[in-house]
>>> print(open('run.txt').read())   # compact mmCIF, C-alpha atoms and all ligand atoms
# COMPACT_ATOMS: atom_id res chain seq x y z
CA MET A 1 -118.26 -34.60 151.99
CA THR A 2 -115.63 -37.11 150.97
CA ALA A 3 -112.32 -37.20 152.77
CA PRO A 4 -109.60 -36.05 150.38
CA ASN A 5 -107.71 -39.33 150.43
CA ALA A 6 -110.67 -41.72 150.52
CA ALA A 7 -110.71 -44.34 147.77
CA PRO A 8 -112.74 -43.03 144.85
CA GLN A 9 -116.21 -44.51 144.47
CA PRO A 10 -117.31 -43.54 140.99
CA LEU A 11 -121.00 -43.64 140.09
CA VAL A 12 -120.88 -45.82 137.02
CA SER A 13 -123.53 -47.01 134.60
CA ARG A 14 -123.42 -48.75 131.25
CA ILE A 15 -125.10 -47.23 128.20
CA GLY A 16 -124.67 -49.43 125.17
CA ARG A 17 -120.92 -49.87 124.63
CA PHE A 18 -120.14 -46.86 126.83
CA LEU A 19 -119.30 -46.79 130.50
CA ALA A 20 -120.64 -43.56 132.00
CA ILE A 21 -118.99 -42.07 135.07
CA HIS A 22 -121.44 -39.54 136.43
CA GLU A 23 -120.24 -36.00 137.21
CA GLU A 24 -121.24 -36.36 140.88
CA SER A 25 -118.46 -38.94 141.26
CA PHE A 26 -116.00 -36.05 141.14
CA ALA A 27 -117.95 -33.76 143.50
CA GLY A 28 -114.92 -33.25 145.73
CA ALA A 29 -113.19 -31.43 142.87
CA GLY A 30 -115.92 -28.81 142.40
CA ILE A 31 -117.69 -28.52 139.07
CA SER A 32 -117.07 -31.51 136.83
CA SER A 33 -118.37 -33.13 133.69
CA ASN A 34 -119.61 -36.62 133.03
CA VAL A 35 -116.96 -38.95 131.59
CA TYR A 36 -117.71 -41.68 129.02
CA VAL A 37 -115.40 -44.54 128.18
CA THR A 38 -115.55 -47.00 125.32
CA GLU A 39 -113.23 -49.78 124.24
CA HIS A 40 -111.76 -50.75 120.88
CA ASP A 41 -109.37 -53.69 120.38
CA GLY A 42 -108.88 -53.96 124.13
CA ARG A 43 -107.92 -50.32 124.57
CA TYR A 44 -110.00 -47.57 126.14
CA TYR A 45 -110.90 -44.13 124.87
CA VAL A 46 -112.03 -41.52 127.38
CA PHE A 47 -114.55 -38.88 126.30
CA ASP A 48 -114.09 -35.75 128.41
CA ALA A 49 -111.72 -35.69 131.32
CA SER A 50 -113.80 -34.34 134.23
CA GLY A 51 -112.92 -31.46 136.54
CA SER A 52 -110.91 -33.74 138.82
CA PRO A 53 -107.11 -33.71 138.74
CA ASP A 54 -107.40 -37.32 140.02
CA LEU A 55 -109.38 -38.66 137.07
CA LEU A 56 -107.03 -41.62 136.66
CA SER A 57 -107.82 -43.00 140.12
CA TYR A 58 -111.55 -42.80 139.30
CA LEU A 59 -110.99 -44.59 136.01
CA GLU A 60 -109.02 -47.32 137.73
CA ALA A 61 -111.72 -47.67 140.40
CA ALA A 62 -114.17 -48.18 137.51
CA GLY A 63 -112.00 -51.02 136.15
CA ILE A 64 -110.09 -49.08 133.48
CA SER A 65 -106.42 -49.94 133.94
CA ARG A 66 -103.95 -47.21 133.08
CA GLY A 67 -101.98 -49.43 130.70
CA TYR A 68 -105.02 -49.87 128.49
CA ILE A 69 -106.01 -46.23 128.04
CA ALA A 70 -105.34 -45.25 124.43
CA GLY A 71 -106.49 -41.65 124.22
CA ALA A 72 -108.68 -38.81 125.43
CA ILE A 73 -111.29 -37.15 123.23
CA LEU A 74 -112.75 -33.85 124.35
CA THR A 75 -116.07 -32.20 123.52
CA HIS A 76 -114.59 -28.77 124.28
CA GLY A 77 -111.91 -26.99 126.27
CA HIS A 78 -113.64 -25.83 129.47
CA TYR A 79 -111.83 -26.62 132.74
CA ASP A 80 -114.61 -28.86 134.08
CA HIS A 81 -114.07 -31.16 131.07
CA VAL A 82 -110.27 -31.09 130.81
CA THR A 83 -108.69 -30.85 134.29
CA GLY A 84 -108.41 -34.65 134.56
CA LEU A 85 -105.90 -34.64 131.70
CA ARG A 86 -103.35 -33.71 134.39
CA SER A 87 -103.65 -37.17 135.90
CA LEU A 88 -103.19 -38.77 132.46
CA ALA A 89 -100.13 -36.71 131.56
CA GLY A 90 -97.69 -39.44 132.61
CA LEU A 91 -99.33 -41.86 130.17
CA ASP A 92 -98.33 -39.72 127.19
CA LEU A 93 -101.67 -40.19 125.44
CA PRO A 94 -102.94 -38.50 122.33
CA VAL A 95 -105.55 -35.88 123.18
CA PHE A 96 -108.08 -35.00 120.51
CA ILE A 97 -109.85 -31.67 120.61
CA SER A 98 -110.98 -29.19 118.01
CA LYS A 99 -108.13 -26.86 117.09
CA SER A 100 -110.41 -23.94 117.98
CA ASP A 101 -110.45 -24.97 121.67
CA VAL A 102 -106.80 -25.96 122.14
CA LYS A 103 -105.82 -22.64 123.73
CA LEU A 104 -108.83 -22.78 126.06
CA MET A 105 -107.80 -26.28 127.17
CA GLU A 106 -104.18 -25.22 127.63
CA SER A 107 -105.27 -22.35 129.87
CA THR A 108 -106.22 -25.07 132.40
CA VAL A 109 -103.80 -27.95 131.80
CA GLY A 110 -100.92 -26.49 129.78
CA LYS A 111 -99.42 -28.36 126.85
CA VAL A 112 -100.79 -31.89 126.63
CA GLY A 113 -99.86 -32.82 123.09
CA ALA A 114 -103.27 -32.13 121.57
CA LYS A 115 -103.53 -33.57 118.08
CA GLY A 116 -106.61 -31.74 116.86
CA PHE A 117 -109.54 -33.36 115.11
CA GLU A 118 -108.66 -32.13 111.68
CA SER A 119 -105.54 -34.23 111.63
CA PRO A 120 -105.74 -37.70 110.02
CA ALA A 121 -104.86 -39.23 113.38
CA GLY A 122 -107.96 -37.82 115.06
CA ALA A 123 -110.19 -38.86 112.19
CA SER A 124 -108.89 -42.42 112.12
CA VAL A 125 -109.38 -42.88 115.86
CA LEU A 126 -112.99 -41.77 115.58
CA GLU A 127 -113.49 -44.00 112.56
CA SER A 128 -112.18 -46.99 114.51
CA LEU A 129 -114.77 -46.16 117.18
CA SER A 130 -117.53 -45.87 114.52
CA LEU A 131 -118.14 -42.26 115.49
CA THR A 132 -118.25 -39.10 113.44
CA SER A 133 -117.44 -35.69 114.84
CA ILE A 134 -119.93 -32.90 114.33
CA SER A 135 -118.71 -29.35 114.78
CA THR A 136 -121.23 -27.60 117.06
CA PRO A 137 -119.87 -24.15 118.00
CA GLY A 138 -121.93 -21.87 120.21
CA HIS A 139 -120.99 -22.91 123.75
CA THR A 140 -117.32 -22.58 122.77
CA PRO A 141 -115.84 -22.06 119.27
CA GLY A 142 -114.50 -25.64 119.17
CA SER A 143 -117.43 -27.48 120.74
CA THR A 144 -117.83 -30.88 119.10
CA CYS A 145 -120.40 -33.67 119.36
CA PHE A 146 -119.76 -37.32 118.50
CA TYR A 147 -122.39 -39.35 116.73
CA SER A 148 -123.07 -42.94 115.84
CA GLU A 149 -125.86 -43.15 113.29
CA ARG A 150 -126.09 -46.93 113.66
CA GLU A 151 -126.61 -46.73 117.43
CA GLY A 152 -128.55 -43.45 117.37
CA LEU A 153 -126.10 -42.24 119.98
CA LEU A 154 -124.85 -38.69 120.52
CA ILE A 155 -122.12 -37.55 122.91
CA SER A 156 -123.34 -33.99 123.21
CA GLY A 157 -120.87 -32.20 125.49
CA ASP A 158 -122.26 -28.88 126.68
CA THR A 159 -124.10 -28.14 123.43
CA VAL A 160 -127.38 -29.87 124.19
CA PHE A 161 -128.80 -31.42 127.36
CA PRO A 162 -131.82 -33.58 128.15
CA GLY A 163 -135.05 -31.86 129.18
CA GLY A 164 -134.97 -29.36 126.31
CA TYR A 165 -131.95 -27.48 127.61
CA PHE A 166 -128.84 -26.28 125.79
CA GLY A 167 -125.41 -24.95 126.71
CA ARG A 168 -124.78 -21.40 127.83
CA THR A 169 -123.55 -18.94 125.24
CA ASP A 170 -122.51 -16.09 127.53
CA LEU A 171 -118.98 -17.32 128.30
CA PRO A 172 -115.97 -16.10 126.26
CA GLY A 173 -116.17 -17.48 122.71
CA GLY A 174 -119.88 -18.26 123.01
CA SER A 175 -122.29 -17.31 120.25
CA ASP A 176 -126.10 -17.28 120.13
CA ALA A 177 -126.17 -17.50 116.34
CA GLU A 178 -123.74 -20.43 116.25
CA MET A 179 -125.64 -22.24 119.01
CA LEU A 180 -128.87 -21.93 117.04
CA ALA A 181 -127.18 -23.26 113.89
CA SER A 182 -125.60 -26.13 115.86
CA LEU A 183 -128.91 -27.15 117.44
CA GLU A 184 -130.52 -27.06 114.01
CA ARG A 185 -127.80 -29.38 112.71
CA LEU A 186 -128.29 -31.80 115.63
CA SER A 187 -132.08 -31.71 115.33
CA LYS A 188 -131.81 -33.29 111.87
CA LEU A 189 -130.04 -36.41 113.19
CA GLY A 190 -131.75 -39.58 114.29
CA VAL A 191 -130.79 -39.81 117.98
CA SER A 192 -132.21 -42.08 120.61
CA MET A 193 -129.49 -41.93 123.28
CA MET A 194 -127.89 -38.67 124.42
CA LEU A 195 -124.74 -38.72 126.53
CA PRO A 196 -124.46 -35.12 127.74
CA GLY A 197 -121.57 -33.37 129.47
CA HIS A 198 -123.70 -32.76 132.54
CA ASP A 199 -126.91 -34.16 133.96
CA MET A 200 -128.16 -37.71 133.42
CA PRO A 201 -127.83 -39.47 130.06
CA LEU A 202 -131.04 -39.86 128.12
CA LEU A 203 -131.65 -43.44 127.07
CA GLU A 204 -134.42 -42.95 124.51
CA GLY A 205 -136.22 -40.26 122.56
CA ALA A 206 -133.24 -37.91 122.36
CA SER A 207 -134.23 -36.45 118.97
CA GLU A 208 -137.47 -35.16 120.46
CA SER A 209 -135.51 -33.64 123.34
CA ILE A 210 -133.08 -31.96 120.92
CA ARG A 211 -135.98 -30.45 118.97
CA SER A 212 -137.37 -29.07 122.26
CA SER A 213 -133.94 -27.57 122.98
CA LEU A 214 -133.95 -25.92 119.56
CA GLU A 215 -137.41 -24.44 120.16
CA TYR A 216 -136.35 -23.18 123.57
CA ALA A 217 -133.17 -21.68 122.09
CA ARG A 218 -135.17 -19.95 119.36
CA SER A 219 -137.26 -18.30 122.07
CA LEU A 220 -134.23 -17.12 124.07
CA LEU A 221 -131.30 -16.48 121.72
CA ARG A 222 -130.73 -13.80 119.07
CA PRO A 223 -129.76 -15.19 115.66
ZN ZN B 1 -118.55 -26.06 129.01
>>> encode(input="run.txt", output="structure tokens")
Amino acid sequence: MTAPNAAPQPLVSRIGRFLAIHEESFAGAGISSNVYVTEHDGRYYVFDASGSPDLLSYLEAAGISRGYIAGAILTHGHYDHVTGLRSLAGLDLPVFISKSDVKLMESTVGKVGAKGFESPAGASVLESLSLTSISTPGHTPGSTCFYSEREGLLISGDTVFPGGYFGRTDLPGGSDAEMLASLERLSKLGVSMMLPGHDMPLLEGASESIRSSLEYARSLLRP
């Protein structure tokens, strides 16, 4: 147990150009996601916002100063990935999320000025980070993965996890058929590193793991 007002001690690791803050860092807040941060032109972009309303103090403890945070990019709208947006609200940042998950996000954090990925703004931010967004519905309607072909790197949210696992489809908006199609899409990519929404990042051989997830999903889900 951590005392509520103890200084945050995030569990941080570096994976390529990403700083990973492990979900257990936020254990005091209940269920949380991993958070990944990368930098472009001296400004930081935060992928997923954890389940902690105090995300900003964890970011600052990890060396990310509030004045240098340029935006938040979300894999989907579940509360354990978006609650930390509350602590960023005063920074008036752009928040990028698939339009299909905006309402889900707002059910936890209210209006946060989401820009939506389809907008040119969202696309240009991802382009500046050398990432492409891949729509991967199934866990939620707006679930999105982020991919760098050059680095073989996939930010996979709650769509696919290491160890041959995949995201649950039994929550509102989930779909077995869409999850199967999304895993098929991801299984065709060349991926070595997987940065999942939960669990430990996978540093090599992620394509093989994604194909195992697809096989496992085919055995469990109804198309
Ligand atoms: Zn989720």
>>> closest_residue(input="run.txt", among="A:Leu154, A:Val160, A:Val46, A:Val125", to="ligand ZN 1 (chain B)", atoms="all atoms listed in the file")
A:Val160
>>> residues_near_ligand(input="run.txt", ligand="ligand ZN 1 (chain B)", cutoff="12 Å", atoms="only C-alpha atoms and all ligand atoms", output="PyMOL selection string")
chain A and resi 31-34+48+50-51+74-82+101+104-105+137-144+156-161+166-174+196-198
>>> closest_residue(input="run.txt", among="A:Leu153, A:Val37, A:Ala177, A:Leu221", to="Leu189 of chain A", atoms="all atoms listed in the file")
A:Leu153
>>> closest_residue(input="run.txt", among="A:Gln9, A:Ser52, A:Ser65, A:Ser119", to="Gly28 of chain A", atoms="only C-alpha atoms")
A:Ser52
>>> closest_residue(input="run.txt", among="A:Tyr216, A:Phe26, A:Phe117, A:Tyr45", to="Gly84 of chain A", atoms="only C-alpha atoms")
A:Phe26
>>> closest_residue(input="run.txt", among="A:Ser13, A:Ser128, A:Ser175, A:Ser87", to="Ala49 of chain A", atoms="all atoms listed in the file")
A:Ser87
>>> closest_residue(input="run.txt", among="A:Ser192, A:Ser187, A:Ser124, A:Thr108", to="Glu149 of chain A", atoms="only C-alpha atoms")
A:Ser192
>>> residues_around(input="run.txt", residues="Ser130 of chain A", least_positions_apart="4", cutoff="12 Å", atoms="all atoms listed in the file", output="MDAnalysis selection string")
chainID A and resid 17 38:40 123:126 146:154
>>> atom_distance(input="run.txt", atom1="atom CA of Asp54 of chain A", atom2="atom CA of Lys115 of chain A")
22.6 Å
>>> residues_near_point(input="run.txt", point="(-109.6, -44.5, 140.7)", cutoff="12 Å", atoms="only C-alpha atoms", output="list of chain:residue names")
A:Asn5, A:Ala6, A:Ala7, A:Pro8, A:Gln9, A:Pro10, A:Leu11, A:Val12, A:Ile21, A:Ser25, A:Phe26, A:Ser52, A:Pro53, A:Asp54, A:Leu55, A:Leu56, A:Ser57, A:Tyr58, A:Leu59, A:Glu60, A:Ala61, A:Ala62, A:Gly63, A:Ile64, A:Ser65, A:Arg66, A:Gly84, A:Ser87, A:Leu88
>>> residues_around(input="run.txt", residues="Glu204 of chain A", least_positions_apart="5", cutoff="9 Å", atoms="all atoms listed in the file", output="list of chain:residue names")
A:Val191, A:Ser192, A:Met193, A:Met194
>>> atom_distance(input="run.txt", atom1="atom CA of Thr83 of chain A", atom2="atom CA of Ser107 of chain A")
10.2 Å
>>> residues_around(input="run.txt", residues="Ala217 of chain A", least_positions_apart="6", cutoff="9 Å", atoms="only C-alpha atoms", output="number ranges by chain")
A: 164-166, 176, 179-180, 183
>>> atom_distance(input="run.txt", atom1="atom CA of Tyr36 of chain A", atom2="atom CA of Phe18 of chain A")
6.1 Å
>>> axis_aligned_box(input="run.txt", around="segment 14-19 of chain A", padding_each_side="3 Å", output="lines of an AutoDock Vina configuration file")
center_x = -122.2
center_y = -48.3
center_z = 127.9
size_x = 11.8
size_y = 9.1
size_z = 12.6
>>> decode(input="run.txt", residues="segment 117-136 of chain A", atoms="N, CA and C atoms", output="PDB file, in the first residue's frame")
ATOM      1  N   PHE A 117      -9.214  11.238 -34.513  1.00  0.00           N
ATOM      2  CA  PHE A 117      -8.110  10.881 -35.403  1.00  0.00           C
ATOM      3  C   PHE A 117      -8.359  11.234 -36.844  1.00  0.00           C
ATOM      4  N   GLU A 118      -9.624  11.287 -37.224  1.00  0.00           N
ATOM      5  CA  GLU A 118      -9.908  11.523 -38.633  1.00  0.00           C
ATOM      6  C   GLU A 118      -9.550  12.943 -39.048  1.00  0.00           C
ATOM      7  N   SER A 119      -9.471  13.813 -38.066  1.00  0.00           N
ATOM      8  CA  SER A 119      -9.186  15.208 -38.405  1.00  0.00           C
ATOM      9  C   SER A 119      -7.744  15.335 -38.919  1.00  0.00           C
ATOM     10  N   PRO A 120      -7.467  16.332 -39.753  1.00  0.00           N
ATOM     11  CA  PRO A 120      -6.088  16.537 -40.219  1.00  0.00           C
ATOM     12  C   PRO A 120      -5.121  16.748 -39.059  1.00  0.00           C
ATOM     13  N   ALA A 121      -5.585  17.381 -37.986  1.00  0.00           N
ATOM     14  CA  ALA A 121      -4.687  17.632 -36.857  1.00  0.00           C
ATOM     15  C   ALA A 121      -4.161  16.323 -36.288  1.00  0.00           C
ATOM     16  N   GLY A 122      -5.051  15.377 -36.064  1.00  0.00           N
ATOM     17  CA  GLY A 122      -4.630  14.091 -35.504  1.00  0.00           C
ATOM     18  C   GLY A 122      -3.662  13.384 -36.415  1.00  0.00           C
ATOM     19  N   ALA A 123      -3.956  13.416 -37.716  1.00  0.00           N
ATOM     20  CA  ALA A 123      -3.100  12.729 -38.680  1.00  0.00           C
ATOM     21  C   ALA A 123      -1.716  13.361 -38.728  1.00  0.00           C
ATOM     22  N   SER A 124      -1.646  14.690 -38.660  1.00  0.00           N
ATOM     23  CA  SER A 124      -0.334  15.326 -38.779  1.00  0.00           C
ATOM     24  C   SER A 124       0.508  15.094 -37.526  1.00  0.00           C
ATOM     25  N   VAL A 125      -0.124  15.018 -36.369  1.00  0.00           N
ATOM     26  CA  VAL A 125       0.637  14.708 -35.153  1.00  0.00           C
ATOM     27  C   VAL A 125       1.245  13.319 -35.263  1.00  0.00           C
ATOM     28  N   LEU A 126       0.452  12.359 -35.691  1.00  0.00           N
ATOM     29  CA  LEU A 126       0.980  10.992 -35.823  1.00  0.00           C
ATOM     30  C   LEU A 126       2.093  10.943 -36.865  1.00  0.00           C
ATOM     31  N   GLU A 127       1.906  11.682 -37.954  1.00  0.00           N
ATOM     32  CA  GLU A 127       2.926  11.695 -38.997  1.00  0.00           C
ATOM     33  C   GLU A 127       4.236  12.247 -38.449  1.00  0.00           C
ATOM     34  N   SER A 128       4.134  13.304 -37.637  1.00  0.00           N
ATOM     35  CA  SER A 128       5.357  13.886 -37.065  1.00  0.00           C
ATOM     36  C   SER A 128       6.046  12.894 -36.128  1.00  0.00           C
ATOM     37  N   LEU A 129       5.285  11.960 -35.584  1.00  0.00           N
ATOM     38  CA  LEU A 129       5.857  10.948 -34.694  1.00  0.00           C
ATOM     39  C   LEU A 129       6.221   9.672 -35.462  1.00  0.00           C
ATOM     40  N   SER A 130       6.110   9.718 -36.792  1.00  0.00           N
ATOM     41  CA  SER A 130       6.391   8.552 -37.651  1.00  0.00           C
ATOM     42  C   SER A 130       5.565   7.335 -37.240  1.00  0.00           C
ATOM     43  N   LEU A 131       4.304   7.578 -36.933  1.00  0.00           N
ATOM     44  CA  LEU A 131       3.409   6.482 -36.572  1.00  0.00           C
ATOM     45  C   LEU A 131       2.180   6.530 -37.473  1.00  0.00           C
ATOM     46  N   THR A 132       1.632   5.366 -37.760  1.00  0.00           N
ATOM     47  CA  THR A 132       0.345   5.326 -38.444  1.00  0.00           C
ATOM     48  C   THR A 132      -0.673   4.724 -37.489  1.00  0.00           C
ATOM     49  N   SER A 133      -1.908   5.180 -37.603  1.00  0.00           N
ATOM     50  CA  SER A 133      -2.954   4.599 -36.770  1.00  0.00           C
ATOM     51  C   SER A 133      -3.622   3.481 -37.547  1.00  0.00           C
ATOM     52  N   ILE A 134      -3.937   2.421 -36.834  1.00  0.00           N
ATOM     53  CA  ILE A 134      -4.615   1.275 -37.431  1.00  0.00           C
ATOM     54  C   ILE A 134      -5.893   1.056 -36.638  1.00  0.00           C
ATOM     55  N   SER A 135      -7.012   1.150 -37.322  1.00  0.00           N
ATOM     56  CA  SER A 135      -8.289   0.954 -36.641  1.00  0.00           C
ATOM     57  C   SER A 135      -8.444  -0.533 -36.308  1.00  0.00           C
ATOM     58  N   THR A 136      -8.616  -0.844 -35.040  1.00  0.00           N
ATOM     59  CA  THR A 136      -8.710  -2.249 -34.604  1.00  0.00           C
ATOM     60  C   THR A 136      -9.903  -2.437 -33.668  1.00  0.00           C
TER      61      THR A 136
END
